[in-house]
Every structure is written in structure tokens, then in C-alpha cells.
Amino acid sequence: MTNYLILTEKPSAAANFTKALGGKTGVFNDFTYKIANLRGHVMTLKDPEAMVAEELKKQYKSWLVKHLPWNLSDFSWARTYIRQRNMRTGKVESTKKIIDDLKKESKSGYDAIVIATDTDPSGEGELLAWEALDAIGWRGQVLRANFMDESVSGIQKAMYQLRDVSDKMADGEYVKGESRNRWDFASMQLTRIATTAAKKAGFKVVAREGRLKSVIIWRIYQQLDAIKNYVKTPYFEVKFKDPAEHVFGRVTPQGDVIPWRFATKEEAEIDFSQYHKTDVINEKHQTRTQAPGKLLDLAGLASILAPRGFSSKEVLSTYQKMYEAQIVSYPRTEDKTVTPEQFNELLPLIDQIADVVGVDKMLLTHRSPRTTHVKPQGAHGANRPGENLPKTTQSLVKFGASGPAIYDVLAKNYLAMLAEDYVYDHVTANLKDYPEFKTAFNRPLKMNFKLVYDSQKAIKVEEEEDENATASQLGPQATPYLHEGANPKPQTPTTKWIMAFLEKHHVGTGATRVSTLSEMSRGIKAMLTETRGKLGLTETGQVSAIMVKDTWIASPKITKRLFEMMDQVGQFDMTMDQVLDSVTKVVEHDMPIMLDNAEQLETLLGKPKQVPKKKVTEKMTGLFKGEEITFAREWSGHIFTDDELTKMLNGAEISFQSKSKRGKIYTATGKLAKQTFKGSAFYGFKLNPKAKK
């Protein structure tokens, strides 16, 4: 019997595989197995200077623009372990142990290693698995388990349909993931150009430029600039209104000049004098229907939840945890529909899901697949409820603050597909003496799916003013009046607004948009702020935006093409070298533009803020317990005297007057000691602990 080592992406996935297959080790189908796991990416590309010949190291380490663009054929594309600080312990940890343990395990007589990482549309799952396999030097057979979700049935089905991917360069998902990874690494050149030029202009920020970041940051900057420069320009025109407040107006022609609109009220009143009260005619009624809105991806979900105060980071993190618990479906999907099989799997749970989110089951009468929502094509399927049902939505707060809201929106949106179409009466009419004046409005007849959830309304960027909101009887006559309007003020940039822009221009997947927005608003180097869905720019964001004006990297059209190229290389319609050549072309095109843009920074942003120089603490050196040590002469504003220094080096306690953070004077007593901060050891004055009362 063949023996497989099943390699999952993280511990939670290993737990789900253990549940699905009946144990961490055992027999399934016609093979024996053991389950192991990574922790996401365990290897990363080395620094540029570490991947080139010795004589080139200085050049590739430099941030000087004279050394750009890089010759990508100089790179070995070698990887190293990932080292990062554990935020809980403060210690710097390496992935070396994970690799060492996997290498040791791989020598235990396995016939093949099964890649059981996420089936990710970007090829990320394939890439991180191959990084580990290359690191342990595995030369045996490699199989791939492609699962749509981590449910028991999903995992078992995948393990029955293993495919051979032993030649990684013939594995389209790997080639796609590696091409994207190398492209993003090489685009580091743009960050070096923008940052170096900005610092030369006095702005000491790290201007991170990338495929999606630059499109987002430039679009937000444009919008904020349009708001800042907005000048309200009123206009006046004649309209009619009937007793029920239905408004009759002329259709606005294409172009900027509208002949019946006037800049002054006086001009409009001259036009107004030509009109009189007239009959409403040609009233027509047409019964129309509207199907439920499309199923959501992660971007749509994040944009709906943003105004409720849930950031992209919060939604992304909470959704991932809920997915691992199989309460919701796979997050990083590109699908907006589900397959017939996925539809049928969830159908028996519909009534229970409806009870959880408080939807009337009597509305869910359309339980056959809709061709608009259920299609044979697809992989993971659109974001939707999972096979594990919560008892209440509120119980999901344990996964994160947005847990209840995530499930409520996802479930109701999915259930809306099972309700009947919205039915309404579309009413039109015009005026007898002035037939060019028309009105149109909708009168609801049967709300149906709109009583469950209306995703089209939820993801709508801004509510348009409906002058014909009333559904009362038309006419019989309409009276002219002078309508005052104005050019619309540009909308405040929001999460919903930027997601709609990116989707319109086909830039990135829903999950990529959310993760990128989350990354851009995180940490001390954040480029933007996200407050209840409203987006703003930090100084770093402003500088980054100005630097990419007129560049290719900030162009939605170019970025869309780059995403298409990633797909093409995965389908072997393009080579990896061809994809990487596009990075060089982008750098060659954008570098002179960025250098020119840097000249405008002070004009547009004013003089850069002066960063106060950090006070350099005087260091002392002396013998302490037979060892020569170095330590700070100052502690909490107190500068140690020579006598105090001598006592401390001799191991004695000292006392002195100090001030607490709240300004309270107290006596500080302590002595010199070896201490640890964020994983690093140092010597310094250590305050005695407070005596217990």
C-alpha cells in the first residue's frame, strides 16, 4: 500500500484534514497517510544583494537610481527562512525548525508528498508548498489535492482525485504563483525610486509602490483633491410637478452644454415665462421584475460592513477564522456564482440558516437553481454560509467583532437567491403641451427577495436622489416651477467607493482588494486611514500618491493587464521571463516621471515636517560581576551621579527622587541588572518591585 505525507497550509487545516480522514495517521482509499502542516509561507526570497554575484552585491544593495532598472537575469531567485518577531513574546523566531522537522519527517519512507494547501486563484497555495518542498530537497513524487473547502466531503473528494504535479514547471498554478511573487519582488525598484526621490525632497517616508497599492492610493488622492478644489456652481431650469409631487423634466443630453439650464435665476425666469399649466397624458403601466442581486465576494462584503465600523483588516481576519471553523465558505474566491453541486449541498440547510438570521422561510419558495446564480463553471463558489451552522449570530463574536455581521449579510444575501423576483409597476407619462417633459417611477407590487436582502442596494456607492419617490396617482395636471440645482460635489472616498472602482476596472480579485486595503492601513508606515468606511491619506500616503501621478504602476488599465498576464503564464500562454520583462518596462517608463513628481512634493504638500532628533543617551562602560558591560547613564530622566554608578557596578542598591508618568514624585529604589526587551538582552537600572500590601 502506498504511503503519503499530506502537507497542509496551517495547523487549523491539518485539524480539518484529521477530522475528514479519520485521524492524523491512518488509511484512506488505497493508501496510508500522515498529516503534517506548514504555517503559511515558511520561505521567502533573499534580499537582492544576496541573490547576485559578489561583484554586483554593492550595486544591488544600493538605493541610488543610477543602478536601476535591475537586470533580472542577475538573480538566482534563492530563498531563505522567514524571521519575524513574535508579537506575544517579543522574540525573533525563524521558520527553520518547521523546515527541519518536515525534512526529517520526509525521510520516513513516503512514496509521495501530497500538496494539500489552499487552492488559491493566485497560485499562492501551490507556491508556498513548493517553497517548502524545495527547501527540504524533496525529489520524489508530488501529488496535488484540490479542495473547494475544508468540509469533510470537500476534503474526502479531493483525496480521491489526486493529480501528479511532480514537475513543478509544468504545474500552472505554481508557475503563476512564482511569476507573481517574482514580479512583486522586482517591483521593489519602484519603492526605492519613490522613496529615494521623496527623501531628497525632504520627505522622509517609505513610499511603497505596487501593482494594486499605487492604483488605490492615486485614486483616493485624486478624489480628495477634487473635493478640496470643488466649487459649487448653481444652475436653474424649468421643471413641472403634479399635485402628487411627481416631477416632469427633460432628458439631459450628452455633453457639458445643456441649453435649458441657466447660470442665473434671471435668465431662467425668462425661459419660465413661456410655460403654463398643462395636462398629464400618455400614462403607461408596465409590470416588470427584478432578480435577486449577485452573490458576494470578499470585497463586496467588506464594503457593506465598512460603514458599520468594521475595517478591512477586521473583516479579513474574522472571516478567515470563521472559514477554518467551516461556518463560512472559502474567502479568497473569484467566483460570483455557485456550482449545482454546491447549491445542492447547502439546500437541506436553508431553513435552519433562515432561522439563525431571522428570515421568514415562507419567502424562500424559489428553491430550484437560478441560471444567473448557479453555473457549472467555478471552483470555490461565491462567499456563502458553510456547513457548520451557529446557534445564533451573536455567538460568532468569539471569532471577531464583525463575526455576527459577516454571517448575517452572507446568509441573507444567499437566502435572497431562493426568494421570488421583486415585482413592480413601471409608470411613465409626459405632458400634453410640452411632450419633451417626462416622468418615470416604480410602484412596488410584490417585494419578495427585497424582504430578505437587497445586495444591489447594499453595495450601491451612493444613493441617487429620487425625485419621483411618491407612488401616488399621476396628474391630472402639472404646474411649472423653477428648479435650482448644482454640480454634484465629489463623493467622499469610502471602502465601498474604492471597491466599486476596482471592480469596474477589473483590478485584482475581491480578496486581494480587501487584503491590500487592510495592509495599507496598518502600522506606523500606513498609507491610509479607514474610519467607519471613510478613507483618508497619511503623509506617507500623500507622498506615495503624488509620486505615481502619470505612471504605469498607478494605471488601472496597466494593472488589469498585469493581472491578465499572471493568468496567461499559469495557462502557459506566456513565459515567466515575458511576464518579468514587463517589470523592467514599467520601471524604465515610471522612473523619470517619479523623479519629476518629487519636484512637486513641497509645492503640493508644503514644507516637510521636521522630525525631532532623538536624544542620544550617554552610555557608561564598567566591570559588573567580573564582566565588562555597557549601560545607559540615565533612567527615567535621572542622570546617575559618579557615586551612584560606583555603587551599582558593585551590585549595591541606590535610591533617588523620580517622577511617575502621571507626574507624581516618588523614591525610586533599585540596582543594576541584566534585563530583556523584545527578545534582546541588555544591562540597566532595574526598579525594585512594589511591596505587596
# chains A, B, ... in the order shown; residues from 1 in each chain; ligands from 1

$ residues_around --residues "A:Pro121" --least-positions-apart "3" --cutoff "8 Å" --atoms "only C-alpha atoms" --output "list in words"
Glu124, Arg332, Thr333 and Glu334 of chain A

$ select_by_dssp --residues "stretch 307-386 of chain A" --states "strand (DSSP E or B)" --output "list of chain:residue names"
A:Val328, A:Val338, A:Val374, A:Pro385

$ residues_around --residues "A:Ser658" --least-positions-apart "6" --cutoff "8 Å" --atoms "only C-alpha atoms" --output "list in words"
Ser636, Gly637, His638, Ile665, Tyr666, Thr667 and Ala668 of chain A

$ residues_around --residues "A:Asp118" --least-positions-apart "3" --cutoff "10 Å" --atoms "only C-alpha atoms" --output "list in words"
Thr8, Glu9, Lys10, Ala13, Gly40, Ile115, Pro121, Gly123, Glu124, Gly125, Glu126, Leu128, Ala129, Ala145, Asn146, Phe147, Met148, Asp149, Glu150, Tyr330 and Arg332 of chain A

$ write_last_selection --atoms "N, CA, C and O atoms" --output "PDB file, in the first residue's frame"
ATOM      1  N   THR A   8      -0.445  20.178   4.741  1.00  0.00           N
ATOM      2  CA  THR A   8      -1.476  21.226   4.768  1.00  0.00           C
ATOM      3  C   THR A   8      -0.833  22.592   5.028  1.00  0.00           C
ATOM      4  O   THR A   8       0.342  22.690   5.373  1.00  0.00           O
ATOM      5  N   GLU A   9      -1.647  23.645   4.888  1.00  0.00           N
ATOM      6  CA  GLU A   9      -1.099  25.006   4.927  1.00  0.00           C
ATOM      7  C   GLU A   9      -0.854  25.528   6.330  1.00  0.00           C
ATOM      8  O   GLU A   9       0.059  26.310   6.557  1.00  0.00           O
ATOM      9  N   LYS A  10      -1.676  25.082   7.285  1.00  0.00           N
ATOM     10  CA  LYS A  10      -1.551  25.601   8.651  1.00  0.00           C
ATOM     11  C   LYS A  10      -2.188  24.607   9.622  1.00  0.00           C
ATOM     12  O   LYS A  10      -2.892  23.682   9.205  1.00  0.00           O
ATOM     13  N   ALA A  13      -5.946  23.803   9.252  1.00  0.00           N
ATOM     14  CA  ALA A  13      -6.258  22.955   8.100  1.00  0.00           C
ATOM     15  C   ALA A  13      -5.902  21.506   8.407  1.00  0.00           C
ATOM     16  O   ALA A  13      -6.637  20.571   8.022  1.00  0.00           O
ATOM     17  N   GLY A  40       1.663  28.754   6.810  1.00  0.00           N
ATOM     18  CA  GLY A  40       1.692  29.711   5.719  1.00  0.00           C
ATOM     19  C   GLY A  40       3.037  29.636   5.015  1.00  0.00           C
ATOM     20  O   GLY A  40       3.650  28.570   4.924  1.00  0.00           O
ATOM     21  N   ILE A 115       0.439  17.801  -1.792  1.00  0.00           N
ATOM     22  CA  ILE A 115       0.211  19.222  -1.508  1.00  0.00           C
ATOM     23  C   ILE A 115      -1.275  19.404  -1.202  1.00  0.00           C
ATOM     24  O   ILE A 115      -2.132  19.180  -2.061  1.00  0.00           O
ATOM     25  N   PRO A 121      -6.777  31.108  -6.133  1.00  0.00           N
ATOM     26  CA  PRO A 121      -6.783  31.574  -7.521  1.00  0.00           C
ATOM     27  C   PRO A 121      -5.500  32.266  -7.965  1.00  0.00           C
ATOM     28  O   PRO A 121      -5.200  32.334  -9.145  1.00  0.00           O
ATOM     29  N   GLY A 123      -2.491  31.198  -7.100  1.00  0.00           N
ATOM     30  CA  GLY A 123      -1.402  30.224  -7.093  1.00  0.00           C
ATOM     31  C   GLY A 123      -0.597  30.259  -5.813  1.00  0.00           C
ATOM     32  O   GLY A 123       0.436  29.593  -5.695  1.00  0.00           O
ATOM     33  N   GLU A 124      -1.075  31.025  -4.811  1.00  0.00           N
ATOM     34  CA  GLU A 124      -0.339  31.194  -3.557  1.00  0.00           C
ATOM     35  C   GLU A 124      -0.155  29.875  -2.806  1.00  0.00           C
ATOM     36  O   GLU A 124       0.912  29.587  -2.272  1.00  0.00           O
ATOM     37  N   GLY A 125      -1.223  29.070  -2.766  1.00  0.00           N
ATOM     38  CA  GLY A 125      -1.142  27.797  -2.056  1.00  0.00           C
ATOM     39  C   GLY A 125      -0.107  26.869  -2.664  1.00  0.00           C
ATOM     40  O   GLY A 125       0.657  26.197  -1.956  1.00  0.00           O
ATOM     41  N   GLU A 126      -0.076  26.825  -3.994  1.00  0.00           N
ATOM     42  CA  GLU A 126       0.892  25.987  -4.696  1.00  0.00           C
ATOM     43  C   GLU A 126       2.312  26.475  -4.420  1.00  0.00           C
ATOM     44  O   GLU A 126       3.232  25.692  -4.164  1.00  0.00           O
ATOM     45  N   LEU A 128       3.616  28.306  -1.861  1.00  0.00           N
ATOM     46  CA  LEU A 128       4.170  28.131  -0.515  1.00  0.00           C
ATOM     47  C   LEU A 128       4.483  26.668  -0.224  1.00  0.00           C
ATOM     48  O   LEU A 128       5.391  26.355   0.553  1.00  0.00           O
ATOM     49  N   ALA A 129       3.730  25.753  -0.867  1.00  0.00           N
ATOM     50  CA  ALA A 129       4.040  24.330  -0.695  1.00  0.00           C
ATOM     51  C   ALA A 129       5.362  23.983  -1.376  1.00  0.00           C
ATOM     52  O   ALA A 129       6.223  23.311  -0.804  1.00  0.00           O
ATOM     53  N   ALA A 145      -3.866  17.776  -4.021  1.00  0.00           N
ATOM     54  CA  ALA A 145      -5.265  17.622  -3.611  1.00  0.00           C
ATOM     55  C   ALA A 145      -5.929  18.986  -3.724  1.00  0.00           C
ATOM     56  O   ALA A 145      -5.614  19.888  -2.953  1.00  0.00           O
ATOM     57  N   ASN A 146      -6.807  19.147  -4.694  1.00  0.00           N
ATOM     58  CA  ASN A 146      -7.517  20.421  -4.879  1.00  0.00           C
ATOM     59  C   ASN A 146      -8.881  20.341  -4.215  1.00  0.00           C
ATOM     60  O   ASN A 146      -9.763  19.615  -4.682  1.00  0.00           O
ATOM     61  N   PHE A 147      -9.053  21.059  -3.114  1.00  0.00           N
ATOM     62  CA  PHE A 147     -10.335  21.031  -2.401  1.00  0.00           C
ATOM     63  C   PHE A 147     -10.985  22.404  -2.456  1.00  0.00           C
ATOM     64  O   PHE A 147     -10.321  23.427  -2.412  1.00  0.00           O
ATOM     65  N   MET A 148     -12.319  22.397  -2.574  1.00  0.00           N
ATOM     66  CA  MET A 148     -13.059  23.642  -2.696  1.00  0.00           C
ATOM     67  C   MET A 148     -13.300  24.292  -1.336  1.00  0.00           C
ATOM     68  O   MET A 148     -13.469  25.492  -1.214  1.00  0.00           O
ATOM     69  N   ASP A 149     -13.345  23.454  -0.296  1.00  0.00           N
ATOM     70  CA  ASP A 149     -13.474  23.961   1.065  1.00  0.00           C
ATOM     71  C   ASP A 149     -12.943  22.889   1.999  1.00  0.00           C
ATOM     72  O   ASP A 149     -12.567  21.801   1.563  1.00  0.00           O
ATOM     73  N   GLU A 150     -12.895  23.198   3.288  1.00  0.00           N
ATOM     74  CA  GLU A 150     -12.325  22.262   4.252  1.00  0.00           C
ATOM     75  C   GLU A 150     -13.398  21.455   4.970  1.00  0.00           C
ATOM     76  O   GLU A 150     -13.211  21.009   6.109  1.00  0.00           O
ATOM     77  N   TYR A 330     -14.882  29.365   1.537  1.00  0.00           N
ATOM     78  CA  TYR A 330     -13.504  29.797   1.283  1.00  0.00           C
ATOM     79  C   TYR A 330     -13.446  31.292   0.964  1.00  0.00           C
ATOM     80  O   TYR A 330     -14.200  31.782   0.121  1.00  0.00           O
ATOM     81  N   ARG A 332     -10.882  33.443  -0.342  1.00  0.00           N
ATOM     82  CA  ARG A 332     -10.172  34.050  -1.477  1.00  0.00           C
ATOM     83  C   ARG A 332     -10.670  33.518  -2.821  1.00  0.00           C
ATOM     84  O   ARG A 332      -9.897  33.122  -3.683  1.00  0.00           O
TER      85      ARG A 332
END

$ residues_around --residues "A:Ala382" --least-positions-apart "2" --cutoff "8 Å" --atoms "only C-alpha atoms" --output "PyMOL selection string"
chain A and resi 295-297+329+333-338+380+384

$ atom_distance --atom1 "atom CA of A:Lys625" --atom2 "atom CA of A:Lys647"
12.4 Å

$ residues_around --residues "A:His276" --least-positions-apart "3" --cutoff "8 Å" --atoms "only C-alpha atoms" --output "list in words"
Ser273, Thr479 and Pro480 of chain A

$ residues_around --residues "A:Ala416" --least-positions-apart "2" --cutoff "7 Å" --atoms "only C-alpha atoms" --output "ChimeraX atom specification"
/A:292,412-414,418-419,449,452-453

$ write_last_selection --atoms "all heavy atoms" --output "compact mmCIF listing (two decimals), in the first residue's frame"
# COMPACT_ATOMS: atom_id res chain seq x y z
N PRO A 292 -32.92 38.66 -7.79
CA PRO A 292 -32.04 38.97 -6.66
C PRO A 292 -30.64 39.37 -7.14
O PRO A 292 -30.19 38.93 -8.20
CB PRO A 292 -31.99 37.65 -5.88
CG PRO A 292 -33.24 36.94 -6.27
CD PRO A 292 -33.50 37.32 -7.69
N LYS A 412 -28.17 36.13 4.55
CA LYS A 412 -29.34 36.77 3.96
C LYS A 412 -29.17 36.97 2.46
O LYS A 412 -30.12 36.81 1.69
CB LYS A 412 -29.62 38.11 4.66
CG LYS A 412 -30.20 37.94 6.05
CD LYS A 412 -30.45 39.28 6.73
CE LYS A 412 -31.08 39.08 8.10
NZ LYS A 412 -31.27 40.38 8.82
N ASN A 413 -27.96 37.32 2.04
CA ASN A 413 -27.73 37.50 0.62
C ASN A 413 -27.89 36.19 -0.14
O ASN A 413 -28.43 36.16 -1.25
CB ASN A 413 -26.32 38.06 0.39
CG ASN A 413 -26.06 38.37 -1.07
OD1 ASN A 413 -26.77 39.16 -1.68
ND2 ASN A 413 -25.06 37.74 -1.65
N TYR A 414 -27.42 35.08 0.46
CA TYR A 414 -27.58 33.77 -0.18
C TYR A 414 -29.05 33.36 -0.19
O TYR A 414 -29.56 32.86 -1.20
CB TYR A 414 -26.75 32.72 0.56
CG TYR A 414 -26.66 31.41 -0.19
CD1 TYR A 414 -25.69 31.21 -1.17
CD2 TYR A 414 -27.55 30.38 0.07
CE1 TYR A 414 -25.62 30.02 -1.88
CE2 TYR A 414 -27.50 29.18 -0.63
CZ TYR A 414 -26.52 29.00 -1.60
OH TYR A 414 -26.46 27.82 -2.32
N LEU A 418 -33.12 32.49 -3.08
CA LEU A 418 -34.17 31.48 -3.01
C LEU A 418 -35.55 32.09 -2.85
O LEU A 418 -36.54 31.37 -2.70
CB LEU A 418 -33.88 30.54 -1.83
CG LEU A 418 -32.49 29.87 -1.86
CD1 LEU A 418 -32.21 29.17 -0.56
CD2 LEU A 418 -32.40 28.90 -3.03
N ALA A 419 -35.62 33.41 -2.89
CA ALA A 419 -36.91 34.11 -2.86
C ALA A 419 -37.30 34.48 -4.29
O ALA A 419 -36.48 34.44 -5.20
CB ALA A 419 -36.81 35.35 -1.99
N PHE A 449 -37.86 39.03 -2.79
CA PHE A 449 -36.48 38.89 -2.29
C PHE A 449 -36.01 40.13 -1.53
O PHE A 449 -35.13 40.05 -0.67
CB PHE A 449 -35.51 38.56 -3.43
CG PHE A 449 -35.02 39.74 -4.21
CD1 PHE A 449 -33.99 40.54 -3.74
CD2 PHE A 449 -35.58 40.05 -5.45
CE1 PHE A 449 -33.53 41.63 -4.46
CE2 PHE A 449 -35.12 41.13 -6.18
CZ PHE A 449 -34.10 41.93 -5.68
N VAL A 452 -35.90 39.87 2.05
CA VAL A 452 -34.82 39.04 2.61
C VAL A 452 -33.52 39.84 2.64
O VAL A 452 -32.95 40.10 3.69
CB VAL A 452 -34.63 37.74 1.80
CG1 VAL A 452 -33.51 36.89 2.39
CG2 VAL A 452 -35.93 36.95 1.75
N TYR A 453 -33.06 40.27 1.45
CA TYR A 453 -31.84 41.08 1.36
C TYR A 453 -31.70 41.62 -0.05
O TYR A 453 -31.97 40.91 -1.03
CB TYR A 453 -30.59 40.26 1.71
CG TYR A 453 -29.38 41.12 1.96
CD1 TYR A 453 -29.26 41.85 3.14
CD2 TYR A 453 -28.36 41.23 1.02
CE1 TYR A 453 -28.16 42.66 3.39
CE2 TYR A 453 -27.25 42.04 1.26
CZ TYR A 453 -27.16 42.75 2.45
OH TYR A 453 -26.08 43.56 2.68

$ select_by_dssp --residues "stretch 262-426 of chain A" --states "alpha helix (DSSP H)" --output "ChimeraX atom specification"
/A:265-272,298-305,312-324,340-346,350-357,403-416

$ closest_residue --among "A:Phe203, A:Thr669, A:Asp360, A:Ala197" --to "A:Met594" --atoms "only C-alpha atoms"
A:Ala197

$ closest_residue --among "A:Ala36, A:Ala681, A:Val315, A:Val423" --to "A:Pro404" --atoms "only C-alpha atoms"
A:Val315

$ atom_distance --atom1 "atom CA of A:Lys607" --atom2 "atom CA of A:Lys489"
28.9 Å

$ atom_distance --atom1 "atom CA of A:Gln477" --atom2 "atom CA of A:Trp260"
22.0 Å

$ closest_atom_pairs --of "stretch 393-467 of chain A" --to "stretch 501-505 of chain A" --cutoff "12 Å" --atoms "only C-alpha atoms" --output "CSV"
residue,atom,partner,partner_atom,distance
A:Ile459,CA,A:Glu503,CA,11.7
A:Lys460,CA,A:Phe501,CA,11.6
A:Val461,CA,A:Phe501,CA,9.6

$ write_last_selection --atoms "N, CA, C and O atoms" --output "mmCIF file, in the first residue's frame"
data_model
loop_
_atom_site.group_PDB
_atom_site.id
_atom_site.type_symbol
_atom_site.label_atom_id
_atom_site.label_comp_id
_atom_site.auth_asym_id
_atom_site.auth_seq_id
_atom_site.Cartn_x
_atom_site.Cartn_y
_atom_site.Cartn_z
ATOM 1 N N ILE A 459 -24.581 47.454 -1.932
ATOM 2 C CA ILE A 459 -23.253 47.784 -2.462
ATOM 3 C C ILE A 459 -23.268 49.026 -3.343
ATOM 4 O O ILE A 459 -22.232 49.423 -3.873
ATOM 5 N N LYS A 460 -24.449 49.646 -3.468
ATOM 6 C CA LYS A 460 -24.545 50.870 -4.258
ATOM 7 C C LYS A 460 -23.671 51.946 -3.634
ATOM 8 O O LYS A 460 -23.693 52.159 -2.416
ATOM 9 N N VAL A 461 -22.880 52.602 -4.461
ATOM 10 C CA VAL A 461 -21.905 53.557 -3.939
ATOM 11 C C VAL A 461 -22.568 54.749 -3.275
ATOM 12 O O VAL A 461 -22.210 55.166 -2.196
#
